[in-house]
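Trainee: Could you have a look at this structure, given as structure tokens, before my questions?
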Amino acid sequence: MTVVAVDLGRSGARVAVGDRRFPTTTGAGLGDPGGATGVAAVLRGAVGTPPAPPWTLAVGVPGALTRPAAAVELAEALTAGWDGHDPDAVAVTSDVVAWHAGAFGAHGAGVVLAVGTGAVALGVDDAGTVRRVDGHGLLLGDAGGGATIGQQGLRAALRALEGSGPATTLAGPARDVLAARPGTPAELAAFAPAVLEAADAGDAVAGRIVDAAVADLVATARAAAAGPADDVAPLASGAGSDAWPAPGVALVGGLAGPLADRVRAAGLPLHEPRGDALDGLVALAADATTAHEPAVTRRRERDPGTGPAADTDRLPTEGVRPGSEQLDALPTHDLVARLVDGQSAAPGAVAATTAHLAHAADLLGAAFRRGGRLVYTGAGTSGRLAMQDAAELPPTFGLDPSRAIALLAGGRDAADAAVEGAEDDDAAGRADVEDALVGPDDVVVGVAASGRTPYVLGALTAARALGATTVAVVNTAGSPIAALADVAIELVTGPEVLAGSTRLAAGTAQKIALNTLTTAAMVRSGATYGPWMVGVRVTNAKLRRRAERIVRDAAGVDEDAARAALRAAGDDVAAAVVSLLAGVDSAAARERLTTAGSVRGAVGR
């Protein structure tokens, strides 16, 4: 099996076909205007004539981590169209993932700091935890990368030429560049070598630009090594190389050579890479058991059909449930019976995921206890079911409404009317999660029957980058969304009676799973006592009667005593129960609840 590896950058590419390696001058990234289609065209041009079958294609491309839906589209596009010599398998990942696997080996630990047109660090610790820092593009990130250095150099040169800034030798080489009005990151990065050369020659302006870039790169690498924010401080305080976990930092990319001495002088313990990105791609093509696997999108040419539409065709929910071929010809009684029977697979599908549901419930319960939030994200039926579940938690358990929210593709308007195309917008999913200020204390649950909805993919990608715990609730096995999640709940309900209508069995299974997940999490967080909802809010006559009954039964008292305790507690059911069981007044009951976190803890039984 010949492996063809392509390390694609925005300024060019390097290709390995077996033992033969060669560069190309055309580059691209998934964030470019052409998207996956444009990248696929560049890749085909870079590879040229493919080798004789069998062969495997492994690609490292900028943007694969931040745009997982585009990575899926690219992988699917590359499975065919090779003039009858299609690859047996395709693996698409990020360029920085490829570099890490090459620099430290497929299962190695360390930090790779990739500096070319952009800048990104990827750290893997001994436990296999992966941390990515930056790589957000020139507008928001890529601090210290070539595009940033070039942009700052050109800006300084322009100010010098106009007399609004200090003199700099950059003004000379910048004249022709400025005349061409560079605008893309690659065009800006092309000026970075001139800035580095001027800095080495003693130009003060260029020196300040390079020093600032190096400081940004050091901060990026430190964050990738340290992980959570509360662990960053010791490394960020200027600690030397002894503060770093072995084996240190591999500096790679087009600017690695010119920057190495400056980065080393700034305190980064540089590790000599074992191999390069092409070596990493070859290793990842053959090994699906590395810590990087969630960031690798794989496709096989011999799977039936290719492309996004064919991928949808292969979803189990798109099939026809046996016995439904004459659905519209059935008498109404038989039709209803068929529809009811068609949803009977839902409870069994949920039961099969009990272990994963329990794990997710423990994580969510812990998040609630520490003040974190449940953040649902979904589209269509899945999103509306999630929104309904989130809305029911405050009145049922007394949870602050701000701690259970749902992000729906298309916004709140999509709750009662379809918003066309909203589910295909992965950028909107990322933006919604970022706008919600998701953080490490939160649990983000992506709900998508297909397991591949771009909006949810974008949302979970952003959530992972922000340090949140992620959970997937899907109705297919081995999906891209499940691969992104810390816990995957795969509710495989099979074909629908009405083919493709996931509001039936798939939706029923999702409803059961979401109810189970959040109820179990609220129980774990202390919001119940035995079978009673001691956090219920008294907002109407029905709920007042329910509250009185809960206090009566939980405390084992009569109706009058229950009403009196509830009244004294200001309709706080939990406080009323504790006051009766512990024999204390409502104020003391509240203090006990605050300390213990639950009725059972407050009464000691």
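Every chain in the structure tokens has a letter given in the order shown (A, B, ...), and although residue numbers restart at 1 in each chain, ligands are simply numbered from 1 in the order shown.
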Which residues in region 245-488 of chain A does DSSP call strand (DSSP E or B)? List them as JSON, numbers by chain.
Mentor: {"A": [249, 250, 251, 252, 270, 297, 298, 299, 300, 320, 374, 375, 376, 377, 378, 404, 405, 406, 407, 408, 443, 444, 445, 446, 447, 448, 469, 470, 471, 472, 473, 474, 487, 488]}
Trainee: Any chance you can output those residues with N, CA and C atoms as an mmCIF file, in the first residue's frame?
Mentor:
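Result went into part.cif, see below:
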data_model
loop_
_atom_site.group_PDB
_atom_site.id
_atom_site.type_symbol
_atom_site.label_atom_id
_atom_site.label_comp_id
_atom_site.auth_asym_id
_atom_site.auth_seq_id
_atom_site.Cartn_x
_atom_site.Cartn_y
_atom_site.Cartn_z
ATOM 1 N N VAL A 249 9.536 21.525 23.604
ATOM 2 C CA VAL A 249 8.819 22.156 22.496
ATOM 3 C C VAL A 249 9.549 21.908 21.183
ATOM 4 N N ALA A 250 8.822 21.439 20.200
ATOM 5 C CA ALA A 250 9.370 21.312 18.849
ATOM 6 C C ALA A 250 8.902 22.513 18.047
ATOM 7 N N LEU A 251 9.835 23.338 17.617
ATOM 8 C CA LEU A 251 9.532 24.520 16.812
ATOM 9 C C LEU A 251 9.597 24.121 15.348
ATOM 10 N N VAL A 252 8.477 24.256 14.631
ATOM 11 C CA VAL A 252 8.422 23.792 13.245
ATOM 12 C C VAL A 252 7.762 24.856 12.379
ATOM 13 N N LEU A 270 13.789 23.849 23.491
ATOM 14 C CA LEU A 270 13.469 23.303 22.172
ATOM 15 C C LEU A 270 13.910 21.852 22.048
ATOM 16 N N THR A 297 -10.274 12.881 10.187
ATOM 17 C CA THR A 297 -11.476 12.477 9.464
ATOM 18 C C THR A 297 -11.076 11.429 8.438
ATOM 19 N N ARG A 298 -11.695 10.261 8.530
ATOM 20 C CA ARG A 298 -11.322 9.154 7.638
ATOM 21 C C ARG A 298 -12.485 8.779 6.728
ATOM 22 N N ARG A 299 -12.151 8.454 5.509
ATOM 23 C CA ARG A 299 -13.140 7.970 4.537
ATOM 24 C C ARG A 299 -12.501 6.867 3.711
ATOM 25 N N ARG A 300 -13.331 5.907 3.304
ATOM 26 C CA ARG A 300 -12.859 4.821 2.443
ATOM 27 C C ARG A 300 -13.572 4.881 1.116
ATOM 28 N N VAL A 320 -35.652 2.672 4.814
ATOM 29 C CA VAL A 320 -37.084 2.367 4.912
ATOM 30 C C VAL A 320 -37.279 1.217 5.887
ATOM 31 N N LEU A 374 -25.566 23.872 31.828
ATOM 32 C CA LEU A 374 -25.889 22.962 30.734
ATOM 33 C C LEU A 374 -26.167 23.826 29.515
ATOM 34 N N VAL A 375 -25.434 23.596 28.438
ATOM 35 C CA VAL A 375 -25.637 24.336 27.189
ATOM 36 C C VAL A 375 -25.951 23.332 26.093
ATOM 37 N N TYR A 376 -27.209 23.288 25.691
ATOM 38 C CA TYR A 376 -27.607 22.424 24.585
ATOM 39 C C TYR A 376 -27.327 23.128 23.263
ATOM 40 N N THR A 377 -27.046 22.354 22.222
ATOM 41 C CA THR A 377 -26.948 22.906 20.878
ATOM 42 C C THR A 377 -27.517 21.893 19.897
ATOM 43 N N GLY A 378 -28.316 22.367 18.964
ATOM 44 C CA GLY A 378 -28.944 21.458 18.015
ATOM 45 C C GLY A 378 -29.660 22.221 16.918
ATOM 46 N N ALA A 404 -29.350 26.657 32.336
ATOM 47 C CA ALA A 404 -29.771 25.615 31.391
ATOM 48 C C ALA A 404 -30.290 26.323 30.151
ATOM 49 N N ILE A 405 -29.450 26.409 29.126
ATOM 50 C CA ILE A 405 -29.817 27.151 27.926
ATOM 51 C C ILE A 405 -29.694 26.251 26.695
ATOM 52 N N ALA A 406 -30.345 26.644 25.634
ATOM 53 C CA ALA A 406 -30.291 25.891 24.380
ATOM 54 C C ALA A 406 -29.944 26.843 23.242
ATOM 55 N N LEU A 407 -28.928 26.490 22.483
ATOM 56 C CA LEU A 407 -28.524 27.243 21.300
ATOM 57 C C LEU A 407 -29.070 26.510 20.082
ATOM 58 N N LEU A 408 -29.956 27.149 19.376
ATOM 59 C CA LEU A 408 -30.669 26.511 18.272
ATOM 60 C C LEU A 408 -30.226 27.110 16.946
ATOM 61 N N VAL A 443 -21.072 22.225 30.571
ATOM 62 C CA VAL A 443 -21.206 21.006 29.784
ATOM 63 C C VAL A 443 -22.033 21.355 28.553
ATOM 64 N N VAL A 444 -21.469 21.145 27.378
ATOM 65 C CA VAL A 444 -22.161 21.442 26.120
ATOM 66 C C VAL A 444 -22.615 20.124 25.500
ATOM 67 N N VAL A 445 -23.912 20.005 25.275
ATOM 68 C CA VAL A 445 -24.503 18.776 24.743
ATOM 69 C C VAL A 445 -24.997 19.040 23.325
ATOM 70 N N GLY A 446 -24.369 18.400 22.353
ATOM 71 C CA GLY A 446 -24.791 18.526 20.960
ATOM 72 C C GLY A 446 -25.768 17.417 20.610
ATOM 73 N N VAL A 447 -26.944 17.786 20.105
ATOM 74 C CA VAL A 447 -27.983 16.819 19.778
ATOM 75 C C VAL A 447 -28.221 16.872 18.264
ATOM 76 N N ALA A 448 -28.006 15.758 17.579
ATOM 77 C CA ALA A 448 -28.158 15.723 16.124
ATOM 78 C C ALA A 448 -28.393 14.282 15.684
ATOM 79 N N THR A 469 -16.741 20.630 28.882
ATOM 80 C CA THR A 469 -17.006 19.209 28.686
ATOM 81 C C THR A 469 -18.036 19.076 27.572
ATOM 82 N N THR A 470 -17.842 18.112 26.671
ATOM 83 C CA THR A 470 -18.751 17.969 25.542
ATOM 84 C C THR A 470 -19.401 16.595 25.524
ATOM 85 N N VAL A 471 -20.688 16.578 25.185
ATOM 86 C CA VAL A 471 -21.471 15.353 25.100
ATOM 87 C C VAL A 471 -22.204 15.356 23.755
ATOM 88 N N ALA A 472 -22.240 14.203 23.090
ATOM 89 C CA ALA A 472 -22.976 14.067 21.831
ATOM 90 C C ALA A 472 -24.164 13.139 22.039
ATOM 91 N N VAL A 473 -25.324 13.540 21.549
ATOM 92 C CA VAL A 473 -26.510 12.681 21.526
ATOM 93 C C VAL A 473 -26.905 12.547 20.060
ATOM 94 N N VAL A 474 -26.654 11.375 19.478
ATOM 95 C CA VAL A 474 -26.849 11.161 18.045
ATOM 96 C C VAL A 474 -27.592 9.851 17.816
ATOM 97 N N VAL A 487 -18.094 12.432 25.728
ATOM 98 C CA VAL A 487 -18.988 11.293 25.924
ATOM 99 C C VAL A 487 -19.960 11.250 24.743
ATOM 100 N N ALA A 488 -20.055 10.099 24.096
ATOM 101 C CA ALA A 488 -20.954 9.938 22.953
ATOM 102 C C ALA A 488 -22.105 9.005 23.320
#
Trainee: Would you pick out the contacts of Pro173 (chain A) at 9 Å or less, using only C-alpha atoms, so that residues sharing its chain but fewer than 3 positions from it are not included, and give the list as a PyMOL selection string?
Mentor: chain A and resi 157+169-170+176-177+191+194
Trainee: For a quick check of understanding, using only C-alpha atoms, which of A:Val210, A:Leu327, A:Ala190, A:Leu335 has the smallest distance to Ser11 (chain A)?
Mentor: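 The closest residue to Ser11 (chain A) is A:Ala190.
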Trainee: Using only C-alpha atoms, which residues of region 49-130 of chain A come within 7 Å of region 135-156 of chain A, and what is the closest atom pair for each, with the distance in Å to one decimal? Give it as CSV, sorted by chain and residue number.
Mentor:
residue,atom,partner,partner_atom,distance
A:Val115,CA,A:Gly145,CA,5.5
A:Gly116,CA,A:Gly146,CA,5.4
A:Thr117,CA,A:Gly146,CA,4.5
A:Gly118,CA,A:Gly145,CA,4.4
A:Ala119,CA,A:Asp142,CA,4.5
A:Val120,CA,A:Gly135,CA,4.5
Trainee: Can you pull out the residues contacting Glu197 (chain A)? Cut-off 10 Å, using only C-alpha atoms, and skip same-chain residues under 3 positions away; I want them as a ChimeraX atom specification.
Mentor: /A:170,192-194,200-203,206-207,258
Trainee: Which is closer to Pro495 (chain A) than all the others in A:Asn475, A:Gln510, A:Thr332, A:Gln388, using only C-alpha atoms?
Mentor: A:Asn475
Trainee: Name the residues of region 331-412 of chain A that fall into helix (DSSP H, G or I) according to DSSP on the backbone, using the chain letters and numbers of this document, as an MDAnalysis selection string.
Mentor: chainID A and resid 332:342 345:351 354:369 380:397 401:403 412
Trainee: By how many Å are CA of Trp55 (chain A) and CA of Asp86 (chain A) apart?
Mentor: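 Interatomic distance here is 8.1 Å.
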Trainee: Select, from A:Ile481, A:Val296, A:Val523, A:Ala428, the residue with the minimum atom-to-atom distance to Leu364 (chain A), counting only C-alpha atoms.
Mentor: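 Once distances to Leu364 (chain A) are computed over only C-alpha atoms, the minimum belongs to A:Val523.
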Trainee: Name all residues at most 12 Å from Leu543 (chain A) (count only C-alpha atoms; drop same-chain ones fewer than 3 positions away) and give them as a ChimeraX atom specification.
Mentor: /A:395-396,533-540,546-550,571,573
Trainee: Those residues with C-alpha atoms, as a PDB file, in the first residue's frame please?
Mentor:
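Generated output (selection.pdb):
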ATOM      1  CA  PRO A 395     -39.686  24.995  37.271  1.00  0.00           C
ATOM      2  CA  THR A 396     -39.076  21.315  38.029  1.00  0.00           C
ATOM      3  CA  MET A 533     -38.758  17.323  43.560  1.00  0.00           C
ATOM      4  CA  VAL A 534     -37.772  19.457  46.522  1.00  0.00           C
ATOM      5  CA  GLY A 535     -36.659  22.279  44.222  1.00  0.00           C
ATOM      6  CA  VAL A 536     -40.068  22.703  42.564  1.00  0.00           C
ATOM      7  CA  ARG A 537     -41.210  26.322  42.262  1.00  0.00           C
ATOM      8  CA  VAL A 538     -44.637  27.244  43.547  1.00  0.00           C
ATOM      9  CA  THR A 539     -46.041  29.356  40.697  1.00  0.00           C
ATOM     10  CA  ASN A 540     -49.678  28.210  40.414  1.00  0.00           C
ATOM     11  CA  ARG A 546     -47.786  19.451  44.665  1.00  0.00           C
ATOM     12  CA  ALA A 547     -45.419  21.312  47.012  1.00  0.00           C
ATOM     13  CA  GLU A 548     -47.682  20.682  49.992  1.00  0.00           C
ATOM     14  CA  ARG A 549     -47.895  16.992  49.113  1.00  0.00           C
ATOM     15  CA  ILE A 550     -44.103  16.727  48.751  1.00  0.00           C
ATOM     16  CA  ASP A 571     -42.605  28.340  49.646  1.00  0.00           C
ATOM     17  CA  VAL A 573     -39.931  23.171  49.582  1.00  0.00           C
TER      18      VAL A 573
END
Trainee: Could you check how far CA of Val133 (chain A) sits from CA of Gly467 (chain A), in Å to one decimal?
Mentor: 11.1 Å
Trainee: Nearest residue to Ala520 (chain A) out of A:Val4, A:Val603, A:Ala568, A:Ala361, using only C-alpha atoms?
Mentor: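 Checking each candidate against Ala520 (chain A), we get A:Ala361 as the closest.
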Trainee: From the set A:Gly601, A:Pro87, A:Arg321, A:Asp435, which residue has the shortest atom-to-atom contact distance to Gln343 (chain A), counting only C-alpha atoms?
Mentor: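 Looking only at the distances to Gln343 (chain A), the closest residue turns out to be A:Arg321.
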Trainee: Neighbours of Leu281 (chain A) within 10 Å (only C-alpha atoms; same-chain residues fewer than 2 positions away dropped), as a VMD selection string?
Mentor: chain A and resid 3 to 7 16 57 to 60 91 to 95 97 to 102 106 276 to 279 283 to 287
Trainee: Could you work out how far CA of Ala71 (chain A) lies from CA of Gly48 (chain A), giving the answer in Å with one decimal?
Mentor: 21.0 Å
Trainee: Between A:Leu491, A:Ala80, A:Leu399, A:Ala436, which is the closest to Arg44 (chain A) once you count only C-alpha atoms?
Mentor: A:Ala80
